[in-house]
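Structure data follow from query19.cif (mmCIF, C-alpha atoms):
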data_model
#
loop_
_atom_site.label_atom_id
_atom_site.label_comp_id
_atom_site.auth_asym_id
_atom_site.auth_seq_id
_atom_site.Cartn_x
_atom_site.Cartn_y
_atom_site.Cartn_z
CA GLY Y 22 120.24 97.35 92.76
CA ALA Y 23 120.12 100.62 90.88
CA VAL Y 24 119.23 103.69 92.89
CA VAL Y 25 117.46 106.84 91.80
CA SER Y 26 117.20 109.78 94.16
CA GLN Y 27 115.06 112.88 94.10
CA HIS Y 28 115.65 116.20 95.79
CA PRO Y 29 113.92 117.66 97.61
CA SER Y 30 111.60 115.03 99.00
CA TRP Y 31 109.03 117.70 99.76
CA VAL Y 32 108.77 121.40 99.08
CA ILE Y 33 106.34 124.18 99.86
CA CYS Y 34 106.36 127.27 97.69
CA LYS Y 35 104.26 130.35 97.22
CA SER Y 36 102.00 130.85 94.25
CA GLY Y 37 103.82 132.55 91.38
CA THR Y 38 107.28 131.28 92.28
CA SER Y 39 109.28 128.56 90.53
CA VAL Y 40 110.60 125.37 92.04
CA LYS Y 41 113.18 122.91 90.75
CA ILE Y 42 113.14 119.18 91.40
CA GLU Y 43 116.21 117.05 90.77
CA CYS Y 44 116.33 113.42 89.73
CA ARG Y 45 119.65 111.59 89.92
CA SER Y 46 120.70 108.10 88.98
CA LEU Y 47 123.30 107.34 91.65
CA ASP Y 48 125.06 104.24 90.37
CA PHE Y 49 124.30 104.08 86.67
CA GLN Y 50 124.04 106.29 83.64
CA ALA Y 51 120.62 107.02 82.28
CA THR Y 52 120.19 108.10 78.71
CA THR Y 53 116.47 108.37 79.22
CA MET Y 54 114.55 109.62 82.22
CA PHE Y 55 110.82 109.98 82.73
CA TRP Y 56 108.74 112.36 84.82
CA TYR Y 57 105.39 111.33 86.28
CA ARG Y 58 102.75 113.11 88.29
CA GLN Y 59 100.51 111.42 90.81
CA PHE Y 60 97.34 112.81 92.29
CA PRO Y 61 95.99 111.40 95.57
CA LYS Y 62 94.52 107.93 95.14
CA GLN Y 63 95.15 108.09 91.41
CA SER Y 64 97.60 106.48 89.10
CA LEU Y 65 100.91 107.88 87.96
CA MET Y 66 100.57 109.90 84.78
CA LEU Y 67 103.52 110.27 82.46
CA MET Y 68 104.32 113.93 81.91
CA ALA Y 69 107.39 113.79 79.73
CA THR Y 70 110.32 111.75 78.53
CA SER Y 71 113.75 113.32 78.60
CA ASN Y 72 116.79 112.15 76.69
CA GLU Y 73 120.25 113.35 77.61
CA GLY Y 74 121.34 116.22 75.45
CA SER Y 75 118.06 116.72 73.63
CA LYS Y 76 114.69 118.32 74.21
CA ALA Y 77 112.12 116.52 76.28
CA THR Y 78 109.07 114.94 74.71
CA TYR Y 79 105.91 116.01 76.49
CA GLU Y 80 102.68 114.09 76.73
CA GLN Y 81 99.52 115.59 75.34
CA GLY Y 82 98.03 118.16 77.67
CA VAL Y 83 101.27 118.91 79.56
CA GLU Y 84 102.39 122.52 79.25
CA LYS Y 85 105.97 122.67 78.04
CA ASP Y 86 106.51 126.22 79.21
CA LYS Y 87 105.22 125.46 82.67
CA PHE Y 88 107.08 122.22 83.30
CA LEU Y 89 110.63 122.76 82.10
CA ILE Y 90 112.72 119.63 81.86
CA ASN Y 91 116.48 119.59 81.47
CA HIS Y 92 118.58 116.44 81.09
CA ALA Y 93 122.04 117.90 80.92
CA SER Y 94 124.01 114.85 82.02
CA LEU Y 95 123.65 111.09 82.06
CA THR Y 96 122.92 111.11 85.78
CA LEU Y 97 120.77 114.19 86.28
CA SER Y 98 117.42 115.42 85.04
CA THR Y 99 115.59 118.41 86.49
CA LEU Y 100 111.96 119.43 86.43
CA THR Y 101 111.21 123.10 87.02
CA VAL Y 102 107.66 124.10 87.76
CA THR Y 103 107.44 127.73 86.68
CA SER Y 104 104.99 130.25 88.08
CA ALA Y 105 103.51 127.59 90.31
CA HIS Y 106 99.84 127.63 91.25
CA PRO Y 107 97.92 125.63 93.85
CA GLU Y 108 96.65 123.26 91.15
CA ASP Y 109 100.26 122.24 90.52
CA SER Y 110 100.40 120.74 94.00
CA SER Y 111 101.05 117.06 93.49
CA PHE Y 112 103.49 114.20 93.92
CA TYR Y 113 106.16 114.17 91.21
CA ILE Y 114 108.06 110.98 90.50
CA CYS Y 115 110.96 110.41 88.15
CA SER Y 116 112.34 107.21 86.71
CA ALA Y 117 115.54 106.44 84.89
CA ARG Y 118 116.12 103.76 82.31
CA ARG Y 119 119.27 101.78 82.94
CA GLY Y 120 120.64 101.02 79.51
CA SER Y 121 119.87 102.19 76.03
CA LYS Y 122 117.39 99.54 74.96
CA PRO Y 123 113.65 100.24 75.32
CA MET Y 124 113.17 97.02 77.29
CA ASP Y 125 115.84 97.95 79.84
CA GLU Y 126 114.37 98.35 83.28
CA GLN Y 127 113.26 101.69 84.63
CA TYR Y 128 114.16 102.55 88.20
CA PHE Y 129 111.99 104.95 90.13
CA GLY Y 130 112.84 107.71 92.54
CA PRO Y 131 110.98 108.09 95.85
CA GLY Y 132 109.05 111.11 94.68
CA THR Y 133 108.79 114.80 95.57
CA ARG Y 134 105.70 116.25 97.16
CA LEU Y 135 105.05 119.81 95.99
CA THR Y 136 102.62 122.03 97.85
CA VAL Y 137 101.85 125.46 96.40
CA THR Y 138 100.23 127.91 98.79
CA GLY V 5 93.51 103.66 74.36
CA ASN V 6 95.56 102.04 77.07
CA SER V 7 94.50 101.92 80.70
CA VAL V 8 94.84 99.84 83.84
CA THR V 9 92.23 99.23 86.52
CA GLN V 10 93.09 97.65 89.83
CA MET V 11 91.10 96.97 92.93
CA GLU V 12 90.82 99.73 95.47
CA GLY V 13 92.37 99.29 98.83
CA PRO V 14 93.33 99.15 101.46
CA VAL V 15 93.48 95.40 101.72
CA THR V 16 94.04 94.14 105.24
CA LEU V 17 95.14 90.55 105.82
CA SER V 18 96.53 88.51 108.63
CA GLU V 19 99.98 87.03 108.29
CA GLU V 20 100.06 83.80 106.23
CA ALA V 21 96.77 84.61 104.49
CA PHE V 22 96.34 84.25 100.74
CA LEU V 23 96.58 87.44 98.71
CA THR V 24 94.90 88.39 95.46
CA ILE V 25 94.99 91.89 94.01
CA ASN V 26 92.96 92.18 90.83
CA CYS V 27 94.22 94.03 87.79
CA THR V 28 92.57 94.36 84.40
CA TYR V 29 93.75 96.32 81.42
CA THR V 30 92.70 97.81 78.13
CA ALA V 31 95.35 98.01 75.46
CA THR V 32 96.04 98.19 71.78
CA GLY V 33 98.69 96.02 70.28
CA TYR V 34 100.78 93.70 72.42
CA PRO V 35 101.58 95.33 75.75
CA SER V 36 103.85 94.07 78.48
CA LEU V 37 102.44 93.87 82.01
CA PHE V 38 104.10 94.70 85.30
CA TRP V 39 103.58 94.78 89.02
CA TYR V 40 105.50 97.37 91.00
CA VAL V 41 105.73 97.65 94.79
CA GLN V 42 106.33 100.80 96.79
CA TYR V 43 107.48 100.59 100.39
CA PRO V 44 107.05 103.65 102.62
CA GLY V 45 109.49 106.40 101.72
CA GLU V 46 110.93 104.51 98.77
CA GLY V 47 110.54 104.54 95.01
CA LEU V 48 108.55 102.02 93.02
CA GLN V 49 110.39 98.74 92.57
CA LEU V 50 109.71 96.22 89.86
CA LEU V 51 108.19 93.12 91.45
CA LEU V 52 107.49 91.01 88.37
CA LYS V 53 106.60 91.27 84.74
CA ALA V 54 105.23 89.33 81.78
CA THR V 55 105.81 90.27 78.18
CA LYS V 56 103.38 88.04 76.30
CA ALA V 57 100.12 86.17 76.73
CA ASP V 58 100.17 83.18 79.09
CA ASP V 59 103.53 84.21 80.56
CA LYS V 60 103.75 83.95 84.33
CA GLY V 61 105.87 86.46 86.20
CA SER V 62 107.08 85.49 89.64
CA ASN V 63 109.29 86.92 92.35
CA LYS V 64 109.55 86.66 96.15
CA GLY V 65 106.57 84.31 96.27
CA PHE V 66 104.35 86.62 94.22
CA GLU V 67 102.92 85.46 90.91
CA ALA V 68 100.83 86.92 88.11
CA THR V 69 99.77 85.40 84.80
CA TYR V 70 99.19 87.43 81.63
CA ARG V 71 95.65 86.45 80.59
CA LYS V 72 94.81 87.93 77.22
CA GLU V 73 91.35 86.33 77.05
CA THR V 74 90.27 88.08 80.24
CA THR V 75 92.67 91.05 79.88
CA SER V 76 93.86 90.46 83.41
CA PHE V 77 97.11 90.26 85.38
CA HIS V 78 96.05 89.46 88.93
CA LEU V 79 98.73 89.41 91.62
CA GLU V 80 98.76 86.46 94.03
CA LYS V 81 100.78 85.23 96.97
CA GLY V 82 100.07 82.11 98.91
CA SER V 83 101.19 83.33 102.34
CA VAL V 84 101.76 87.00 103.04
CA GLN V 85 104.15 88.39 105.63
CA VAL V 86 104.12 91.61 107.60
CA SER V 87 107.04 92.76 105.48
CA ASP V 88 104.81 92.61 102.37
CA SER V 89 102.88 95.64 103.62
CA ALA V 90 103.24 98.21 100.85
CA VAL V 91 101.41 99.79 97.93
CA TYR V 92 101.20 97.65 94.81
CA PHE V 93 100.83 99.12 91.32
CA CYS V 94 99.79 97.26 88.22
CA ALA V 95 101.11 98.73 84.97
CA LEU V 96 101.37 98.10 81.28
CA SER V 97 103.79 99.42 78.73
CA ASP V 98 103.44 99.89 75.04
CA GLN V 99 105.38 97.66 72.69
CA ASN V 100 108.34 100.03 72.71
CA PHE V 101 108.49 100.27 76.52
CA ASN V 102 108.43 104.03 76.15
CA LYS V 103 105.19 104.74 77.90
CA PHE V 104 103.85 103.16 81.04
CA TYR V 105 100.23 103.24 82.18
CA PHE V 106 99.71 102.67 85.88
CA GLY V 107 96.76 101.61 87.97
CA SER V 108 95.88 103.70 91.01
CA GLY V 109 97.67 101.43 93.44
CA THR V 110 96.42 99.08 96.15
CA LYS V 111 97.64 99.44 99.69
CA LEU V 112 98.23 96.16 101.47
CA ASN V 113 98.36 95.98 105.25
CA VAL V 114 99.46 92.68 106.77
CA LYS V 115 98.87 92.27 110.48
CA PRO V 116 100.85 89.86 112.66
#

What is this file in structure tokens?
Amino acid sequence: GAVVSQHPSWVICKSGTSVKIECRSLDFQATTMFWYRQFPKQSLMLMATSNEGSKATYEQGVEKDKFLINHASLTLSTLTVTSAHPEDSSFYICSARRGSKPMDEQYFGPGTRLTVT
Amino acid sequence: GNSVTQMEGPVTLSEEAFLTINCTYTATGYPSLFWYVQYPGEGLQLLLKATKADDKGSNKGFEATYRKETTSFHLEKGSVQVSDSAVYFCALSDQNFNKFYFGSGTKLNVKP
């Protein structure tokens, strides 16, 4: 099956610093990737949709300047949390759509746990 | 708006027991419904899906039927195994499959 990886799997950073999370589709090209955030015992919330070579589309309430998304290639999307604060601590999950049709399946990465101290 | 509600866990069963995990949804339009499973340390994997009312999705012994009249998509399995221990997420997507709405997940523990 299709594999999506995330790096790092967990990261601890100090308040005020920035941290980058990578999402890679290992054995397929992904025109579209998605970034989700999950709070403990809560559902995944879509943060943004990124299309290769264009600007990401952010969901309402998500700060574009705080959560920078770059989808520079068909196998890599990055999420940078800028000037991180403790309230940004969460589990971040990406998914990648295999194929160009909306109904093509999304494959999920294992997630990255961010802790901001 | 769109939302998904699923039963809280954890659910603990003995091997070969019958499993039901309830899922209800609120949606506009004609959503598609999904069950995803997440094993420890791994990403969510699609377990089954149904794209229209009365469709039944099935995979690996799991089944769920898209019930529009009750806005439900309950997950069932007749005989669970220890290897089924995981977190199960119910989800719906809009008609364009661009946005997914997930339930909070239900952890299943199956004991030998």

Practice task
Run the PyMOL selection byres ((chain Y and resi 83-100) around 9) against the file shown and list the residues it catches, as a ChimeraX atom specification.
Solution key: /Y:40-56,68-82,101-105,115,117

Handout entry: Residues of chain V within 8 Å of chain Y, counting only C-alpha atoms, as a ChimeraX atom specification
Key = /V:45-50,100-109

Same residues, C-alpha atoms, saved as a PDB file, in the frame of the given file:
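Result file follows (part.pdb):
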ATOM      1  CA  GLY V  45     109.490 106.400 101.720  1.00  0.00           C
ATOM      2  CA  GLU V  46     110.930 104.510  98.770  1.00  0.00           C
ATOM      3  CA  GLY V  47     110.540 104.540  95.010  1.00  0.00           C
ATOM      4  CA  LEU V  48     108.550 102.020  93.020  1.00  0.00           C
ATOM      5  CA  GLN V  49     110.390  98.740  92.570  1.00  0.00           C
ATOM      6  CA  LEU V  50     109.710  96.220  89.860  1.00  0.00           C
ATOM      7  CA  ASN V 100     108.340 100.030  72.710  1.00  0.00           C
ATOM      8  CA  PHE V 101     108.490 100.270  76.520  1.00  0.00           C
ATOM      9  CA  ASN V 102     108.430 104.030  76.150  1.00  0.00           C
ATOM     10  CA  LYS V 103     105.190 104.740  77.900  1.00  0.00           C
ATOM     11  CA  PHE V 104     103.850 103.160  81.040  1.00  0.00           C
ATOM     12  CA  TYR V 105     100.230 103.240  82.180  1.00  0.00           C
ATOM     13  CA  PHE V 106      99.710 102.670  85.880  1.00  0.00           C
ATOM     14  CA  GLY V 107      96.760 101.610  87.970  1.00  0.00           C
ATOM     15  CA  SER V 108      95.880 103.700  91.010  1.00  0.00           C
ATOM     16  CA  GLY V 109      97.670 101.430  93.440  1.00  0.00           C
TER      17      GLY V 109
END

Practice task
May I have the residues within 9 Å of V:Ala90 as an MDAnalysis selection string, using only C-alpha atoms and disregarding those fewer than 6 positions away in the same chain?
Solution key: chainID V and resid 41:44 110:114

Exercise for the section: Give me the result of the PyMOL selection byres ((chain V and resi 83) around 10) on this file, residue by residue, as a PyMOL selection string. Expected result: chain V and resi 18-23+65-66+80-82+84-85+88

Requested write-out: C-alpha atoms of the selected residues, as a CSV table (one decimal), in the coordinates of the input:
chain,number,residue,atom,x,y,z
V,18,SER,CA,96.5,88.5,108.6
V,19,GLU,CA,100.0,87.0,108.3
V,20,GLU,CA,100.1,83.8,106.2
V,21,ALA,CA,96.8,84.6,104.5
V,22,PHE,CA,96.3,84.2,100.7
V,23,LEU,CA,96.6,87.4,98.7
V,65,GLY,CA,106.6,84.3,96.3
V,66,PHE,CA,104.4,86.6,94.2
V,80,GLU,CA,98.8,86.5,94.0
V,81,LYS,CA,100.8,85.2,97.0
V,82,GLY,CA,100.1,82.1,98.9
V,84,VAL,CA,101.8,87.0,103.0
V,85,GLN,CA,104.2,88.4,105.6
V,88,ASP,CA,104.8,92.6,102.4

Practice task
Could you state which residues are captured by the PyMOL selection byres ((chain V and resi 54-61) around 7) in this file, as a list in words?
Solution key: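 Applying the PyMOL selection byres ((chain V and resi 54-61) around 7) to the structure shown produces Ser36, Leu37, Phe38, Leu52, Lys53, Ser62, Glu67, Ala68, Thr69, Tyr70, Arg71 and Lys72 of chain V.
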